[in-house]
Every structure is written in structure tokens, then in C-alpha cells.
$ cat work.txt   # compact mmCIF, C-alpha atoms and all ligand atoms
# COMPACT_ATOMS: atom_id res chain seq x y z
CA MET H 1 -1.97 -6.08 19.16
CA ARG H 2 -0.83 -7.39 15.81
CA ILE H 3 -1.44 -5.17 12.78
CA LEU H 4 -0.88 -6.61 9.32
CA SER H 5 -1.08 -5.26 5.81
CA GLY H 6 0.09 -6.23 2.34
CA ILE H 7 0.96 -4.14 -0.70
CA GLN H 8 0.91 -5.36 -4.26
CA PRO H 9 4.07 -4.42 -6.17
CA SER H 10 2.69 -2.42 -9.06
CA GLY H 11 5.15 -0.18 -10.86
CA LYS H 12 6.67 3.14 -9.92
CA LEU H 13 5.11 4.68 -6.84
CA HIS H 14 3.63 8.19 -7.05
CA LEU H 15 2.49 10.84 -4.56
CA GLY H 16 -1.00 9.29 -4.44
CA ASN H 17 0.50 5.98 -3.33
CA TYR H 18 2.74 7.75 -0.83
CA PHE H 19 0.04 9.75 0.97
CA GLY H 20 -2.76 7.20 0.44
CA MET H 21 -0.93 4.00 1.28
CA MET H 22 2.72 4.29 2.34
CA GLN H 23 2.44 6.99 4.97
CA PRO H 24 -0.47 5.23 6.76
CA ALA H 25 1.43 1.92 6.55
CA LEU H 26 4.52 3.56 8.04
CA HIS H 27 2.43 4.94 10.92
CA LEU H 28 1.48 1.38 11.82
CA GLN H 29 4.86 0.81 13.35
CA GLU H 30 3.92 3.30 16.07
CA LYS H 31 0.59 1.66 16.85
CA GLY H 32 1.45 -1.95 17.59
CA GLU H 33 3.34 -4.97 16.36
CA ALA H 34 3.35 -4.31 12.62
CA TYR H 35 3.68 -6.88 9.85
CA LEU H 36 4.00 -5.56 6.32
CA PHE H 37 4.61 -7.69 3.28
CA ILE H 38 4.96 -7.33 -0.47
CA ALA H 39 2.16 -9.37 -2.01
CA ASN H 40 3.97 -10.73 -5.05
CA TYR H 41 1.82 -13.89 -5.28
CA HIS H 42 -1.26 -11.69 -5.49
CA ALA H 43 0.39 -9.52 -8.15
CA LEU H 44 0.80 -12.65 -10.26
CA THR H 45 -2.94 -12.66 -10.85
CA SER H 46 -2.47 -9.63 -13.09
CA VAL H 47 1.26 -9.40 -13.99
CA HIS H 48 2.64 -12.14 -16.25
CA ASP H 49 6.09 -10.72 -16.88
CA GLY H 50 8.67 -12.29 -14.59
CA ALA H 51 11.37 -9.65 -14.99
CA ARG H 52 8.89 -6.87 -14.31
CA LEU H 53 7.40 -8.54 -11.25
CA LYS H 54 10.86 -9.11 -9.81
CA GLN H 55 11.91 -5.50 -10.42
CA ASP H 56 8.65 -4.06 -9.04
CA THR H 57 8.94 -6.23 -5.91
CA TRP H 58 12.49 -4.98 -5.34
CA ASP H 59 11.52 -1.36 -5.99
CA VAL H 60 8.71 -1.46 -3.43
CA ALA H 61 11.16 -2.82 -0.86
CA LEU H 62 13.61 0.03 -1.60
CA ASP H 63 10.83 2.62 -1.57
CA PHE H 64 9.51 1.58 1.84
CA LEU H 65 12.94 1.34 3.43
CA ALA H 66 13.94 4.71 1.92
CA CYS H 67 10.78 6.40 3.23
CA GLY H 68 11.37 5.35 6.82
CA LEU H 69 10.27 1.76 7.36
CA ASP H 70 12.25 0.50 10.34
CA PRO H 71 12.90 -3.21 9.79
CA GLU H 72 13.64 -3.72 13.49
CA ARG H 73 10.16 -2.56 14.45
CA THR H 74 8.16 -3.75 11.46
CA VAL H 75 8.34 -7.34 10.27
CA PHE H 76 8.89 -6.57 6.58
CA PHE H 77 9.01 -9.41 4.05
CA ARG H 78 8.09 -10.80 0.65
CA GLN H 79 4.93 -12.92 0.64
CA SER H 80 6.74 -15.55 -1.45
CA ASP H 81 9.33 -16.09 1.30
CA VAL H 82 6.63 -17.65 3.48
CA PRO H 83 5.45 -20.68 1.48
CA GLU H 84 3.35 -21.85 4.46
CA VAL H 85 0.56 -19.50 3.31
CA HIS H 86 -0.21 -21.81 0.40
CA GLU H 87 -0.84 -24.83 2.55
CA LEU H 88 -3.04 -22.76 4.81
CA ALA H 89 -4.87 -21.34 1.77
CA TRP H 90 -5.79 -24.91 0.82
CA LEU H 91 -7.02 -25.73 4.32
CA LEU H 92 -9.14 -22.58 4.22
CA SER H 93 -10.46 -23.24 0.75
CA ILE H 94 -12.17 -26.43 1.92
CA VAL H 95 -14.48 -24.37 4.15
CA THR H 96 -14.91 -21.45 1.73
CA PRO H 97 -18.34 -21.43 0.08
CA MET H 98 -18.29 -20.74 -3.68
CA GLY H 99 -21.01 -18.15 -3.18
CA LEU H 100 -18.80 -16.12 -0.85
CA LEU H 101 -16.17 -15.73 -3.57
CA GLU H 102 -18.75 -15.21 -6.31
CA ARG H 103 -20.01 -12.14 -4.46
CA CYS H 104 -16.59 -10.43 -4.37
CA HIS H 105 -16.70 -7.04 -6.15
CA SER H 106 -12.98 -6.98 -6.75
CA TYR H 107 -13.11 -10.18 -8.84
CA LYS H 108 -16.07 -8.90 -10.85
CA ASP H 109 -14.43 -5.49 -11.39
CA LYS H 110 -11.16 -7.01 -12.57
CA VAL H 111 -12.90 -9.32 -15.01
CA ALA H 112 -14.94 -6.36 -16.29
CA LYS H 113 -11.63 -4.52 -16.87
CA GLY H 114 -10.39 -7.35 -19.06
CA ILE H 115 -8.21 -9.39 -16.68
CA ALA H 116 -8.57 -13.10 -17.55
CA PRO H 117 -10.94 -14.80 -15.07
CA SER H 118 -8.42 -17.42 -13.88
CA HIS H 119 -8.84 -19.68 -10.88
CA GLY H 120 -6.07 -17.66 -9.18
CA LEU H 121 -8.01 -14.43 -9.59
CA PHE H 122 -11.15 -16.12 -8.23
CA ALA H 123 -9.31 -17.64 -5.26
CA TYR H 124 -7.41 -14.37 -4.53
CA PRO H 125 -9.46 -13.68 -1.36
CA VAL H 126 -8.62 -17.15 0.04
CA LEU H 127 -4.88 -16.49 -0.28
CA MET H 128 -5.46 -13.09 1.31
CA ALA H 129 -7.33 -14.80 4.17
CA ALA H 130 -4.35 -17.11 4.64
CA ASP H 131 -2.00 -14.07 4.71
CA ILE H 132 -4.06 -12.52 7.49
CA LEU H 133 -4.94 -15.59 9.57
CA ILE H 134 -1.52 -17.24 9.50
CA TYR H 135 -0.12 -14.41 11.66
CA GLN H 136 -3.18 -14.36 13.97
CA SER H 137 -3.60 -10.69 13.02
CA ASN H 138 -5.95 -8.47 15.02
CA ILE H 139 -6.16 -5.40 12.80
CA VAL H 140 -5.90 -5.18 9.01
CA PRO H 141 -5.61 -1.61 7.69
CA VAL H 142 -6.74 -1.50 4.07
CA GLY H 143 -8.23 0.84 1.51
CA ARG H 144 -12.01 0.76 1.08
CA ASP H 145 -11.70 -1.51 -1.98
CA GLN H 146 -10.21 -4.29 0.19
CA LYS H 147 -12.75 -4.17 3.03
CA GLN H 148 -14.87 -6.96 1.54
CA HIS H 149 -11.81 -9.22 1.38
CA VAL H 150 -11.25 -8.78 5.11
CA GLU H 151 -14.92 -9.56 5.73
CA VAL H 152 -14.53 -12.73 3.65
CA THR H 153 -11.50 -13.58 5.81
CA ARG H 154 -13.61 -13.22 8.96
CA ASP H 155 -16.33 -15.48 7.53
CA ILE H 156 -13.78 -18.13 6.58
CA ALA H 157 -12.07 -17.98 10.00
CA ILE H 158 -15.39 -18.26 11.87
CA LYS H 159 -16.44 -21.23 9.73
CA PHE H 160 -13.11 -22.99 10.22
CA ASN H 161 -13.19 -22.39 13.99
CA ASN H 162 -16.76 -23.75 14.15
CA GLU H 163 -15.97 -26.87 12.18
CA PHE H 164 -12.53 -27.72 13.54
CA GLY H 165 -12.24 -25.92 16.89
CA GLU H 166 -10.70 -22.56 17.88
CA THR H 167 -7.73 -22.04 15.56
CA PHE H 168 -7.72 -18.46 14.28
CA THR H 169 -8.01 -14.97 15.75
CA ILE H 170 -10.89 -13.14 14.05
CA PRO H 171 -9.38 -10.00 12.46
CA GLN H 172 -10.93 -6.53 12.18
CA PRO H 173 -10.56 -4.37 9.11
CA SER H 174 -9.46 -0.80 9.75
CA ILE H 175 -10.49 1.44 6.89
CA GLN H 176 -8.38 4.47 6.23
CA GLU H 177 -11.31 6.82 5.65
CA GLU H 178 -9.32 9.87 6.64
CA VAL H 179 -6.94 9.56 3.69
CA ALA H 180 -8.29 11.88 1.03
CA VAL H 181 -7.88 11.16 -2.65
CA VAL H 182 -4.67 12.79 -3.87
CA PRO H 183 -5.34 14.71 -7.09
CA GLY H 184 -3.13 14.32 -10.15
CA LEU H 185 -1.87 16.98 -12.57
CA ASP H 186 -5.30 17.25 -14.20
CA GLY H 187 -7.30 17.27 -10.94
CA GLN H 188 -8.62 13.70 -11.35
CA LYS H 189 -7.45 11.04 -8.84
CA MET H 190 -3.71 10.61 -9.27
CA SER H 191 -3.28 7.18 -10.87
CA LYS H 192 -0.84 5.33 -13.11
CA SER H 193 -3.69 4.56 -15.45
CA TYR H 194 -4.47 8.27 -16.02
CA GLY H 195 -0.88 9.34 -16.77
CA ASN H 196 -1.27 12.25 -14.34
CA THR H 197 1.21 11.23 -11.66
CA ILE H 198 4.21 12.76 -9.95
CA GLU H 199 6.60 9.91 -9.20
CA LEU H 200 8.18 9.62 -5.75
CA PHE H 201 11.62 8.77 -6.96
CA GLY H 202 11.55 9.99 -10.53
CA ASP H 203 14.09 12.37 -12.01
CA MET H 204 13.64 15.66 -10.09
CA LYS H 205 13.91 17.78 -13.25
CA GLU H 206 11.09 15.80 -14.82
CA SER H 207 9.01 16.05 -11.62
CA LYS H 208 9.51 19.84 -11.58
CA ALA H 209 8.39 20.09 -15.18
CA ARG H 210 5.30 18.03 -14.36
CA ILE H 211 4.44 20.14 -11.31
CA MET H 212 4.65 23.28 -13.49
CA LYS H 213 1.94 21.68 -15.69
CA ILE H 214 -0.65 21.21 -12.92
CA VAL H 215 -3.98 22.51 -14.17
CA SER H 216 -5.38 25.63 -12.46
CA ASP H 217 -8.03 28.21 -13.33
CA SER H 218 -6.99 31.33 -15.24
CA LYS H 219 -7.33 34.03 -12.56
CA PRO H 220 -4.76 36.79 -13.11
CA LEU H 221 -1.88 37.41 -10.70
CA GLU H 222 -3.52 40.29 -8.80
CA GLU H 223 -6.82 38.56 -8.06
CA PRO H 224 -7.37 36.74 -4.72
CA LYS H 225 -7.62 32.96 -5.15
CA ASP H 226 -9.45 30.16 -3.36
CA PRO H 227 -7.08 27.52 -1.95
CA ALA H 228 -9.96 25.10 -1.31
CA THR H 229 -10.58 24.53 -5.01
CA CYS H 230 -6.96 24.51 -6.21
CA ASN H 231 -5.05 21.32 -7.12
CA ILE H 232 -1.70 22.93 -6.39
CA PHE H 233 -2.78 23.79 -2.86
CA ALA H 234 -4.32 20.32 -2.38
CA LEU H 235 -0.88 18.80 -3.04
CA TYR H 236 1.04 21.48 -1.13
CA LYS H 237 -0.95 20.97 2.06
CA LEU H 238 -0.06 17.27 2.15
CA PHE H 239 3.58 18.25 2.68
CA ALA H 240 3.08 21.43 4.71
CA ASN H 241 3.05 21.93 8.46
CA GLU H 242 0.37 24.13 10.08
CA ALA H 243 2.34 27.37 9.70
CA GLN H 244 3.29 26.70 6.07
CA ARG H 245 -0.30 25.87 5.25
CA ALA H 246 -1.63 29.04 6.90
CA GLU H 247 0.95 31.15 5.08
CA MET H 248 0.05 29.67 1.71
CA GLU H 249 -3.66 30.20 2.38
CA ALA H 250 -2.98 33.84 3.21
CA ASN H 251 -0.96 34.21 0.00
CA TYR H 252 -3.84 32.81 -2.06
CA ARG H 253 -6.46 35.02 -0.40
CA GLY H 254 -4.31 38.15 -0.43
CA GLY H 255 -3.95 38.45 -4.21
CA ASN H 256 -0.77 39.33 -6.10
CA TYR H 257 0.23 35.71 -5.75
CA GLY H 258 0.12 33.65 -8.94
CA TYR H 259 -0.24 29.93 -9.57
CA GLY H 260 3.35 29.95 -10.83
CA HIS H 261 4.47 31.04 -7.35
CA ALA H 262 2.42 28.29 -5.73
CA LYS H 263 3.92 25.69 -8.08
CA LYS H 264 7.43 26.81 -7.23
CA ALA H 265 6.61 26.52 -3.53
CA LEU H 266 5.28 23.00 -4.17
CA VAL H 267 8.47 22.00 -6.01
CA ALA H 268 10.55 23.34 -3.11
CA ILE H 269 8.59 21.57 -0.36
CA PHE H 270 8.52 18.27 -2.31
CA ASP H 271 12.24 18.52 -2.92
CA GLU H 272 12.93 19.30 0.73
CA LYS H 273 10.78 16.45 2.10
CA PHE H 274 12.12 13.85 -0.33
CA ALA H 275 15.81 14.82 -0.42
CA PRO H 276 16.65 12.59 2.57
CA PHE H 277 14.51 9.73 1.19
CA ARG H 278 16.25 10.03 -2.18
CA ALA H 279 19.65 9.91 -0.53
CA LYS H 280 18.62 6.88 1.52
CA ARG H 281 17.26 5.13 -1.55
CA ALA H 282 20.49 5.67 -3.48
CA GLU H 283 22.38 4.23 -0.53
CA LEU H 284 20.12 1.17 -0.42
CA GLN H 285 20.38 0.70 -4.16
CA ALA H 286 24.14 0.52 -3.80
CA ASN H 287 23.72 -2.14 -1.07
CA PRO H 288 21.47 -4.86 -2.49
CA ASP H 289 22.93 -7.41 -0.07
CA TYR H 290 21.74 -5.36 2.88
CA VAL H 291 18.21 -5.06 1.43
CA GLU H 292 18.10 -8.80 0.71
CA GLN H 293 19.20 -9.51 4.25
CA VAL H 294 16.47 -7.26 5.67
CA LEU H 295 13.83 -9.10 3.65
CA ARG H 296 15.18 -12.52 4.63
CA LYS H 297 15.31 -11.62 8.31
CA GLY H 298 11.73 -10.34 8.07
CA ALA H 299 10.69 -13.60 6.43
CA GLU H 300 12.40 -15.61 9.17
CA ARG H 301 10.44 -13.77 11.85
CA ALA H 302 7.24 -14.15 9.85
CA ARG H 303 7.79 -17.86 9.21
CA ALA H 304 8.28 -18.57 12.90
CA GLU H 305 4.74 -17.27 13.51
CA ALA H 306 3.30 -18.78 10.35
CA SER H 307 4.49 -22.29 11.10
CA LYS H 308 2.89 -22.22 14.58
CA THR H 309 -0.51 -21.40 13.09
CA LEU H 310 -0.11 -23.88 10.27
CA ASP H 311 0.70 -26.67 12.76
CA LYS H 312 -2.40 -25.83 14.73
CA ALA H 313 -4.56 -25.88 11.61
CA ARG H 314 -3.02 -29.15 10.36
CA LYS H 315 -3.74 -30.80 13.71
CA ALA H 316 -7.27 -29.43 13.73
CA VAL H 317 -8.17 -30.98 10.35
CA GLY H 318 -6.41 -34.28 11.00
CA ILE H 319 -3.40 -33.97 8.68
CA ALA H 320 -0.84 -33.82 11.47
P1 LIG M 401 -2.87 3.33 -9.25
O1 LIG M 401 -4.24 3.98 -9.20
O2 LIG M 401 -1.80 4.29 -9.62
O3 LIG M 401 -2.86 2.06 -10.10
P2 LIG M 401 -2.94 1.47 -7.07
O4 LIG M 401 -4.37 1.15 -7.38
O5 LIG M 401 -1.87 0.47 -7.38
O6 LIG M 401 -2.57 2.87 -7.77
O7 LIG M 401 -2.88 1.88 -5.55
C1 LIG M 401 -2.03 1.35 -4.57
C2 LIG M 401 -2.37 1.98 -3.25
O8 LIG M 401 -2.20 3.41 -3.28
C3 LIG M 401 -3.81 1.74 -2.80
O9 LIG M 401 -3.79 1.50 -1.41
C4 LIG M 401 -4.52 3.04 -3.10
O10 LIG M 401 -5.59 3.27 -2.19
C5 LIG M 401 -3.42 4.08 -2.92
N1 LIG M 401 -3.64 5.20 -3.88
C6 LIG M 401 -3.39 5.16 -5.21
N2 LIG M 401 -3.68 6.36 -5.80
C7 LIG M 401 -4.13 7.18 -4.79
C8 LIG M 401 -4.57 8.54 -4.76
N3 LIG M 401 -4.61 9.31 -5.84
N4 LIG M 401 -4.96 9.04 -3.56
C9 LIG M 401 -4.91 8.28 -2.43
N5 LIG M 401 -4.50 6.98 -2.40
C10 LIG M 401 -4.10 6.43 -3.56
N1 LIG M 402 -5.18 -7.35 -1.86
C1 LIG M 402 -4.44 -6.27 -1.25
C2 LIG M 402 -4.42 -5.07 -2.22
O1 LIG M 402 -4.55 -5.22 -3.40
C3 LIG M 402 -3.02 -6.70 -0.97
C4 LIG M 402 -3.00 -7.78 0.07
C5 LIG M 402 -2.69 -9.11 -0.12
C6 LIG M 402 -3.33 -7.64 1.44
N2 LIG M 402 -2.78 -9.79 1.05
C7 LIG M 402 -3.16 -8.94 2.03
C8 LIG M 402 -3.72 -6.55 2.22
C9 LIG M 402 -3.42 -9.14 3.39
C10 LIG M 402 -3.97 -6.77 3.58
C11 LIG M 402 -3.82 -8.05 4.15
O2 LIG M 402 -4.22 -3.95 -1.76
$ encode --input "work.txt" --output "C-alpha cells"
Amino acid sequence: MRILSGIQPSGKLHLGNYFGMMQPALHLQEKGEAYLFIANYHALTSVHDGARLKQDTWDVALDFLACGLDPERTVFFRQSDVPEVHELAWLLSIVTPMGLLERCHSYKDKVAKGIAPSHGLFAYPVLMAADILIYQSNIVPVGRDQKQHVEVTRDIAIKFNNEFGETFTIPQPSIQEEVAVVPGLDGQKMSKSYGNTIELFGDMKESKARIMKIVSDSKPLEEPKDPATCNIFALYKLFANEAQRAEMEANYRGGNYGYGHAKKALVAIFDEKFAPFRAKRAELQANPDYVEQVLRKGAERARAEASKTLDKARKAVGIA
């Protein structure tokens, strides 16, 4: 079973990205043959700053490798290292009805947010379909916001297969419903755009200071507290094992345990979990040649698959 997902490189990753996107992506490598790529062509639809795109692409690669991506098990690569997807995107676009793209919420939402309505932004789902179909992917794990794009991919693949003969595997989206929204310092969804994040690989002193600012209610030290409604606990439990979680719950309910104590425990568990990842990241940063080689090897494996599908599609339409 082939499982494929893509991540847009978009700035410094935070705990919301880690628990909402990275950890599930890293679990893929245990479930089947995983393909994971950095969608830098897609990022170009919203980032027009070459130096920044390059840096963000590199940072995502370091972040994933530091957090445990095993490049032997997962085919890990940059989208732009597989130029075959563009030719396939064109072959798909000739069977893609305008109406299908016009109905895409993501396009409408981005335009409403002020992103210029370029042809690239409009055709984004066709490139995404090419990403998925070129590897004959079976399962595509995505957040809820990307489900429609996988449905569009299915429609395009079915239409192509009907018109030109069986060429593509029809993929299934797998929606990560179980991943809860990670709250930020102020209790809203943690997000770059709200300035309420705790960065994964930021300066630890700064992260500690930010954790100490997490908003809580004003119950005094002695009073029992409810873990279910507390942002500090919501973050703590993401890191904790069963026993640690139960102990913290008992501390909250027992009274004489203040939010300051809970914040210190959160700093400690975050520090403990990320210390090895930080060390690994520093090591990778000092070895850019190794990281580049990992990405190139991933791209080589990906291209071998991509060119098989592209050949098939070229033959089907009468180009080859
Ligand atoms: P941001 O909101 O900071 O701009 P993105 O929209 O770039 O983050 O999100 C990238 C990925 O991380 C997506 O898959 C998204 O579902 C996940 N993600 C981001 N923030 C959170 C959060 N607070 N809780 C859970 N998942 C999140
Ligand atoms: N559009 C996806 C996102 O913003 C990223 C992406 C690009 C992707 N190509 C893909 C995800 C193919 C899954 C499969 O999150």
C-alpha cells in the first residue's frame, strides 16, 4: 500500500504543526510504503520571495529529519526535484472541467484572504492531482481542508481512465480527524497568523518565557482546578505518557497546585522530549551535504516511479 503526503514549506514550525501534521506524517512510515515531499511548487502560489522559499524548504527538511523521519523507509524529497509532475499536470488539465476547479473552497478562501487570483492558484489542485497520481498512491493522509483536493484528484483520475484507458490508481483520502486542534498561548488555535505559537526549534529560553505566559483562569493556589478546561494541561497531555497525565490530573484536582507549577512541568517535558531532536537538528545543520544527499536520493527513488506513470499516460494520450 502506497501512502503519500505533501507539506508546504511555510516558515518556522510550531507545536501545532508538530502534533497536527508532523507526528501523523511520521507515523506513516509504520503503516506502509510512505512517500513524503516538500511542496515547494505549491508554496510558490503564495510566497514570492526566492530566498525565503529556499530557506523554508531547507528548514522543513531539517525539521522532519531531526524529528525522526527515516529516509531509508520513507521516500523523502522536494517536489521540484521531480519535474515529471508538470508534464503530467498538463495531461490531467486537458480532462479537468473548469467547473470542478471553480468549486474548490481553498481557492475561494485564499482569494478572499487577499492572495492574487493567479492561474497557478486556480490550477493548484491539478498539480496536486499530478503529485498524487504520478506515484499511483493508494492513501493520501491530509487535514480536513485538503479533502476536497483529493476528491478532485479522484474525479480527474476517473475521467482520464475513462477517456484514455486504465492509467491511474484511484486514491483514497484519509482524514486525520483524531488530531485535535493544539491551542496557542491565548487558547485560540495555535497559528503563525495569531502570534500565539511555541516554536519547535526556537531558542529554549524564549520558549520557556512564552510557556510562562500561557493564559489560565485566576484560581488561587489552594483551590482544586479542572484540567479539562486548561490550556496548560491541553499542551502537557500531548507530551505526557499515561502515568504522567494521570499524575498531573491528580495534581490539578487535589488543590495546592498552581498554574505556575503546571507551566514548569510543561517546560520540563517539552525540553526533555525535544532535547534529542534539537541535538539531531544541530548535527544535520552542520552537515548540509548529507541532507542534500538524502533529498537527492529520495528524488531518485521518486523519479523512477514517476517516469513509469508518465510514460503510461503519454502513451495513452498519443504523445509517445
Ligand atoms: P499556521 O496556522 O501556523 O499557518 P499551517 O496552516 O501552515 O499553520 O499548517 C500546516 C499544517 O499544520 C497543517 O496540516 C495543519 O493542519 C497543521 N496545524 C497547524 N496549526 C495546528 C494546530 N494548532 N493544531 C493542529 N494542527 C495544526
Ligand atoms: N496542498 C497541500 C497542503 O497545503 C500540500 C500538498 C501538495 C499535498 N501536494 C500534495 C498534500 C499531495 C497531499 C498530497 O497541505
$ residues_around --input "work.txt" --residues "H:Ile198" --least-positions-apart "3" --cutoff "8 Å" --atoms "only C-alpha atoms" --output "list in words"
His14, Leu15, Gly184, Leu185, Gly202, Ser207, Arg210 and Ile211 of chain H
$ residues_around --input "work.txt" --residues "H:Ser118" --least-positions-apart "2" --cutoff "12 Å" --atoms "all atoms listed in the file" --output "list in words"
Leu44, Thr45, Ser46, Tyr107, Lys108, Lys110, Val111, Gly114, Ile115, Ala116, Gly120, Leu121, Phe122, Ala123 and Tyr124 of chain H
$ axis_aligned_box --input "work.txt" --around "ligand LIG 401 (chain M)" --padding-each-side "4 Å" --output "AutoDock Vina command-line options"
--center_x -3.7 --center_y 4.9 --center_z -5.8 --size_x 11.8 --size_y 16.8 --size_z 16.7
$ residues_near_ligand --input "work.txt" --ligand "ligand LIG 402 (chain M)" --cutoff "8 Å" --atoms "only C-alpha atoms and all ligand atoms" --output "list in words"
Leu4, Ser5, Gly6, Ile7, Gln8, Phe37, Ile38, Ala39, His42, Tyr124, Pro125, Leu127, Met128, Ala129, Asp131, Ile132, Val140, Pro141, Val142, Gly143, Asp145, Gln146, His149 and Val150 of chain H
$ write_last_selection --input "work.txt" --atoms "C-alpha atoms" --output "mmCIF file, keeping the file's coordinate frame"
data_model
loop_
_atom_site.group_PDB
_atom_site.id
_atom_site.type_symbol
_atom_site.label_atom_id
_atom_site.label_comp_id
_atom_site.auth_asym_id
_atom_site.auth_seq_id
_atom_site.Cartn_x
_atom_site.Cartn_y
_atom_site.Cartn_z
ATOM 1 C CA LEU H 4 -0.880 -6.610 9.320
ATOM 2 C CA SER H 5 -1.080 -5.260 5.810
ATOM 3 C CA GLY H 6 0.090 -6.230 2.340
ATOM 4 C CA ILE H 7 0.960 -4.140 -0.700
ATOM 5 C CA GLN H 8 0.910 -5.360 -4.260
ATOM 6 C CA PHE H 37 4.610 -7.690 3.280
ATOM 7 C CA ILE H 38 4.960 -7.330 -0.470
ATOM 8 C CA ALA H 39 2.160 -9.370 -2.010
ATOM 9 C CA HIS H 42 -1.260 -11.690 -5.490
ATOM 10 C CA TYR H 124 -7.410 -14.370 -4.530
ATOM 11 C CA PRO H 125 -9.460 -13.680 -1.360
ATOM 12 C CA LEU H 127 -4.880 -16.490 -0.280
ATOM 13 C CA MET H 128 -5.460 -13.090 1.310
ATOM 14 C CA ALA H 129 -7.330 -14.800 4.170
ATOM 15 C CA ASP H 131 -2.000 -14.070 4.710
ATOM 16 C CA ILE H 132 -4.060 -12.520 7.490
ATOM 17 C CA VAL H 140 -5.900 -5.180 9.010
ATOM 18 C CA PRO H 141 -5.610 -1.610 7.690
ATOM 19 C CA VAL H 142 -6.740 -1.500 4.070
ATOM 20 C CA GLY H 143 -8.230 0.840 1.510
ATOM 21 C CA ASP H 145 -11.700 -1.510 -1.980
ATOM 22 C CA GLN H 146 -10.210 -4.290 0.190
ATOM 23 C CA HIS H 149 -11.810 -9.220 1.380
ATOM 24 C CA VAL H 150 -11.250 -8.780 5.110
#
$ residues_around --input "work.txt" --residues "H:Phe19" --least-positions-apart "4" --cutoff "12 Å" --atoms "all atoms listed in the file" --output "list of chain:residue names"
H:Leu13, H:His14, H:Leu15, H:Gln23, H:Pro24, H:Ala25, H:Leu26, H:His27, H:Cys67, H:Gln176, H:Glu178, H:Val179, H:Ala180, H:Val181, H:Val182, H:Pro183, H:Met190, H:Leu200, H:Ala234, H:Leu235, H:Tyr236, H:Lys237, H:Leu238, H:Phe239
$ write_last_selection --input "work.txt" --atoms "C-alpha atoms" --output "PDB file, keeping the file's coordinate frame"
ATOM      1  CA  LEU H  13       5.110   4.680  -6.840  1.00  0.00           C
ATOM      2  CA  HIS H  14       3.630   8.190  -7.050  1.00  0.00           C
ATOM      3  CA  LEU H  15       2.490  10.840  -4.560  1.00  0.00           C
ATOM      4  CA  GLN H  23       2.440   6.990   4.970  1.00  0.00           C
ATOM      5  CA  PRO H  24      -0.470   5.230   6.760  1.00  0.00           C
ATOM      6  CA  ALA H  25       1.430   1.920   6.550  1.00  0.00           C
ATOM      7  CA  LEU H  26       4.520   3.560   8.040  1.00  0.00           C
ATOM      8  CA  HIS H  27       2.430   4.940  10.920  1.00  0.00           C
ATOM      9  CA  CYS H  67      10.780   6.400   3.230  1.00  0.00           C
ATOM     10  CA  GLN H 176      -8.380   4.470   6.230  1.00  0.00           C
ATOM     11  CA  GLU H 178      -9.320   9.870   6.640  1.00  0.00           C
ATOM     12  CA  VAL H 179      -6.940   9.560   3.690  1.00  0.00           C
ATOM     13  CA  ALA H 180      -8.290  11.880   1.030  1.00  0.00           C
ATOM     14  CA  VAL H 181      -7.880  11.160  -2.650  1.00  0.00           C
ATOM     15  CA  VAL H 182      -4.670  12.790  -3.870  1.00  0.00           C
ATOM     16  CA  PRO H 183      -5.340  14.710  -7.090  1.00  0.00           C
ATOM     17  CA  MET H 190      -3.710  10.610  -9.270  1.00  0.00           C
ATOM     18  CA  LEU H 200       8.180   9.620  -5.750  1.00  0.00           C
ATOM     19  CA  ALA H 234      -4.320  20.320  -2.380  1.00  0.00           C
ATOM     20  CA  LEU H 235      -0.880  18.800  -3.040  1.00  0.00           C
ATOM     21  CA  TYR H 236       1.040  21.480  -1.130  1.00  0.00           C
ATOM     22  CA  LYS H 237      -0.950  20.970   2.060  1.00  0.00           C
ATOM     23  CA  LEU H 238      -0.060  17.270   2.150  1.00  0.00           C
ATOM     24  CA  PHE H 239       3.580  18.250   2.680  1.00  0.00           C
TER      25      PHE H 239
END
$ closest_residue --input "work.txt" --among "H:Ile175, H:Leu65, H:Leu101, H:Leu91" --to "ligand LIG 401 (chain M)" --atoms "only C-alpha atoms and all ligand atoms"
H:Ile175
$ atom_distance --input "work.txt" --atom1 "atom CA of H:Val215" --atom2 "atom CA of H:Lys263"
10.5 Å
$ atom_distance --input "work.txt" --atom1 "atom CA of H:Lys297" --atom2 "atom CA of H:Arg78"
10.6 Å
$ atom_distance --input "work.txt" --atom1 "atom CA of H:Arg281" --atom2 "atom CA of H:Arg73"
19.1 Å
$ residues_around --input "work.txt" --residues "stretch 301-317 of chain H" --least-positions-apart "4" --cutoff "8 Å" --atoms "all atoms listed in the file" --output "list in words"
Val75, Phe77, Val82, Glu84, Val85, Glu87, Leu88, Leu91, Ile134, Tyr135, Gln136, Phe164, Gly165, Thr167, Phe168 and Lys297 of chain H
$ closest_residue --input "work.txt" --among "H:Asp81, H:Tyr41, H:Lys208, H:Pro71" --to "H:Arg296" --atoms "only C-alpha atoms"
H:Asp81
$ residues_around --input "work.txt" --residues "stretch 292-294 of chain H" --least-positions-apart "4" --cutoff "9 Å" --atoms "all atoms listed in the file" --output "PyMOL selection string"
chain H and resi 71+76-77+287-288+298-299
$ closest_residue --input "work.txt" --among "H:Glu222, H:Asp70, H:Glu33, H:Asp109" --to "H:Asn251" --atoms "only C-alpha atoms"
H:Glu222
$ closest_residue --input "work.txt" --among "H:Asn161, H:Thr197, H:Gly50, H:Asp203" --to "ligand LIG 401 (chain M)" --atoms "only C-alpha atoms and all ligand atoms"
H:Thr197
$ residues_near_point --input "work.txt" --point "(3.2, 0.3, -12.4)" --cutoff "9 Å" --atoms "only C-alpha atoms" --output "PyMOL selection string"
chain H and resi 9-13+56+192-193
$ closest_residue --input "work.txt" --among "H:Pro83, H:Gly195, H:Gly254, H:Pro220" --to "ligand LIG 401 (chain M)" --atoms "all atoms listed in the file"
H:Gly195
